[in-house]
Structure formats: C-alpha cells, structure tokens
$ cat upload_12.cif   # mmCIF, C-alpha atoms
data_target
loop_
_atom_site.label_atom_id
_atom_site.label_comp_id
_atom_site.auth_asym_id
_atom_site.auth_seq_id
_atom_site.Cartn_x
_atom_site.Cartn_y
_atom_site.Cartn_z
CA MET Y 1 63.97 -28.35 -13.13
CA MET Y 2 61.15 -30.06 -11.29
CA LYS Y 3 61.92 -31.46 -7.88
CA MET Y 4 60.74 -34.91 -6.89
CA LYS Y 5 57.89 -33.59 -4.72
CA GLU Y 6 56.63 -31.32 -7.51
CA ARG Y 7 56.84 -34.21 -9.97
CA TRP Y 8 54.70 -36.49 -7.77
CA GLU Y 9 52.23 -33.68 -7.13
CA LYS Y 10 51.84 -33.19 -10.89
CA ILE Y 11 51.38 -36.94 -11.46
CA ALA Y 12 48.80 -37.07 -8.63
CA GLU Y 13 46.98 -34.13 -10.24
CA TYR Y 14 46.83 -36.00 -13.56
CA ILE Y 15 45.50 -39.11 -11.80
CA VAL Y 16 42.73 -37.11 -10.10
CA GLU Y 17 41.83 -35.51 -13.43
CA ALA Y 18 41.77 -38.95 -15.11
CA VAL Y 19 39.41 -40.29 -12.42
CA LEU Y 20 37.09 -37.31 -12.90
CA ILE Y 21 37.15 -37.75 -16.68
CA ALA Y 22 36.38 -41.47 -16.30
CA TRP Y 23 33.44 -40.77 -13.99
CA LEU Y 24 32.04 -37.93 -16.09
CA GLY Y 25 32.57 -39.94 -19.28
CA TYR Y 26 30.60 -42.85 -17.83
CA LEU Y 27 27.79 -40.51 -16.75
CA PHE Y 28 27.71 -38.79 -20.12
CA LEU Y 29 27.58 -42.02 -22.14
CA TYR Y 30 25.05 -43.81 -19.91
CA GLN Y 31 22.72 -40.83 -19.56
CA ASN Y 32 22.77 -40.17 -23.30
CA TYR Y 33 21.93 -43.81 -23.97
CA LEU Y 34 19.00 -43.60 -21.55
CA LEU Y 35 17.76 -40.35 -23.09
CA HIS Y 36 17.81 -41.63 -26.65
CA ASN Y 37 17.09 -45.37 -26.48
CA TRP Y 38 15.38 -46.22 -23.22
CA HIS Y 39 11.65 -45.97 -22.58
CA ARG Y 40 9.65 -46.13 -19.35
CA GLY Y 41 8.57 -49.57 -18.38
CA LEU Y 42 11.66 -51.24 -19.85
CA PRO Y 43 14.28 -52.64 -17.49
CA LEU Y 44 17.37 -50.47 -17.14
CA PRO Y 45 20.30 -51.60 -19.30
CA SER Y 46 23.56 -52.80 -17.78
CA LYS Y 47 25.98 -50.09 -16.70
CA THR Y 48 29.05 -52.28 -17.24
CA PRO Y 49 29.86 -51.30 -20.85
CA TYR Y 50 29.55 -47.62 -19.97
CA ILE Y 51 31.78 -47.99 -16.92
CA ILE Y 52 34.39 -49.72 -19.08
CA LEU Y 53 34.20 -46.95 -21.69
CA GLY Y 54 34.56 -44.32 -18.96
CA VAL Y 55 37.63 -46.07 -17.55
CA ILE Y 56 39.11 -46.27 -21.06
CA MET Y 57 38.53 -42.52 -21.46
CA GLY Y 58 40.29 -41.84 -18.14
CA ILE Y 59 43.25 -44.09 -18.94
CA THR Y 60 43.58 -42.52 -22.38
CA PHE Y 61 43.66 -39.05 -20.85
CA LEU Y 62 46.25 -40.10 -18.26
CA ALA Y 63 48.47 -41.76 -20.88
CA PHE Y 64 48.23 -38.71 -23.16
CA GLU Y 65 49.13 -36.25 -20.38
CA LEU Y 66 52.06 -38.36 -19.16
CA TRP Y 67 53.31 -38.81 -22.73
CA ARG Y 68 52.92 -35.11 -23.51
CA ASN Y 69 54.87 -34.08 -20.40
CA ARG Y 70 57.34 -36.97 -20.32
CA ASP Y 71 60.39 -34.72 -20.76
CA VAL Y 72 59.47 -32.54 -17.81
CA LEU Y 73 58.30 -35.34 -15.52
CA PHE Y 74 60.82 -38.08 -16.25
CA ASN Y 75 63.97 -36.26 -17.36
CA LYS Y 76 66.65 -38.21 -15.52
CA LYS Y 77 69.67 -36.85 -17.43
CA ASN Y 78 69.27 -33.21 -16.35
CA GLN Y 79 68.36 -34.29 -12.83
CA VAL Y 80 71.63 -36.21 -12.39
CA ILE Y 81 73.68 -33.34 -13.86
CA ALA Y 82 72.00 -30.84 -11.56
CA GLU Y 83 72.62 -33.00 -8.49
CA ILE Y 84 76.31 -33.46 -9.29
CA HIS Y 85 77.03 -29.90 -10.46
CA PRO Y 86 74.18 -27.56 -9.47
CA GLU Y 87 76.03 -24.48 -10.74
CA ASN Y 88 76.62 -26.04 -14.18
CA SER Y 89 73.15 -27.50 -14.74
CA ALA Y 90 71.62 -27.06 -18.16
CA PRO Y 91 68.52 -24.86 -18.54
CA GLU Y 92 65.21 -26.67 -18.83
CA ASN Y 93 64.13 -25.01 -22.08
CA VAL Y 94 66.11 -23.68 -25.00
CA GLU Y 95 64.06 -20.48 -24.86
CA ASP Y 96 65.56 -19.75 -21.42
CA VAL Y 97 68.97 -19.04 -22.98
CA SER Y 98 69.31 -15.64 -24.55
CA PRO Y 99 71.68 -15.11 -27.52
CA SER Y 100 74.05 -13.05 -25.36
CA ASP Y 101 74.42 -15.99 -22.92
CA ALA Y 102 75.41 -18.44 -25.64
CA GLU Y 103 79.11 -19.15 -26.02
CA VAL Y 104 80.56 -18.46 -29.44
#

$ encode --input "upload_12.cif" --output "structure tokens"
Amino acid sequence: MMKMKERWEKIAEYIVEAVLIAWLGYLFLYQNYLLHNWHRGLPLPSKTPYIILGVIMGITFLAFELWRNRDVLFNKKNQVIAEIHPENSAPENVEDVSPSDAEV
C-alpha cells in the first residue's frame, strides 16, 4: 500500500515527466517544421501552435499515466481498511497471495 507521501512523490514525478515531454515535443515539432519548410531569408513562423501541441502532448502523457496507475495512486478503499485494521488489511495485488495462504 502506498503511503500519502509516496503517492504525492509519484504524482510529482509524473508532472515533471509531463513538463519535459511537453518541452521536448514542442522542440521536436518546431525544429522539424523549420528543417523541412523554412528557408533562409523568410521570417520565422509563429511558435504558438507548436507550444500548444507540446502542451497537449504533456497533458496527454500525464492523463495516461494517472489513468494507468489510478488503482495504486487513488485507492481509497484499501487505505481506509488498512488504517482501521492494519493487521487485517488486504494485499495490494492478487499475485501477492499464494495458494497456501488462501482460505478454503
């Protein structure tokens, strides 16, 4: 079971990764546009659409990671059970229970 501090650390890690993906996505898209469509002597194109696309890439990554790990990060039911009865708390994963531990 993840503790509250570990949960916020994981969320902060995902946010930092999303910011990096947004920045690198913007750089990738803008630089590729310049390499393929821009010629010397022409004014530089606006960066705004590429910044928006980079932010969309970062938000998409963050939403995907939070959705993929929603059970681990936001599992309130097991957290409440563990706080009330720490000795009777359910295991996090089904794989953690061996067949010999299961009650028949």

$ atom_distance --input "upload_12.cif" --atom1 "CA of Leu53 (chain Y)" --atom2 "CA of Leu34 (chain Y)"
15.6 Å

$ atom_distance --input "upload_12.cif" --atom1 "CA of Ile56 (chain Y)" --atom2 "CA of Ile21 (chain Y)"
9.8 Å

$ resolve_selection --input "upload_12.cif" --expression "the PyMOL selection byres ((chain Y and resi 6-11) around 12)" --output "MDAnalysis selection string"
chainID Y and resid 1:5 12:18 62:63 65:67 69:76 79

$ resolve_selection --input "upload_12.cif" --expression "the PyMOL selection byres ((chain Y and resi 26) around 10)" --output "VMD selection string"
chain Y and resid 20 to 25 27 to 32 47 to 58
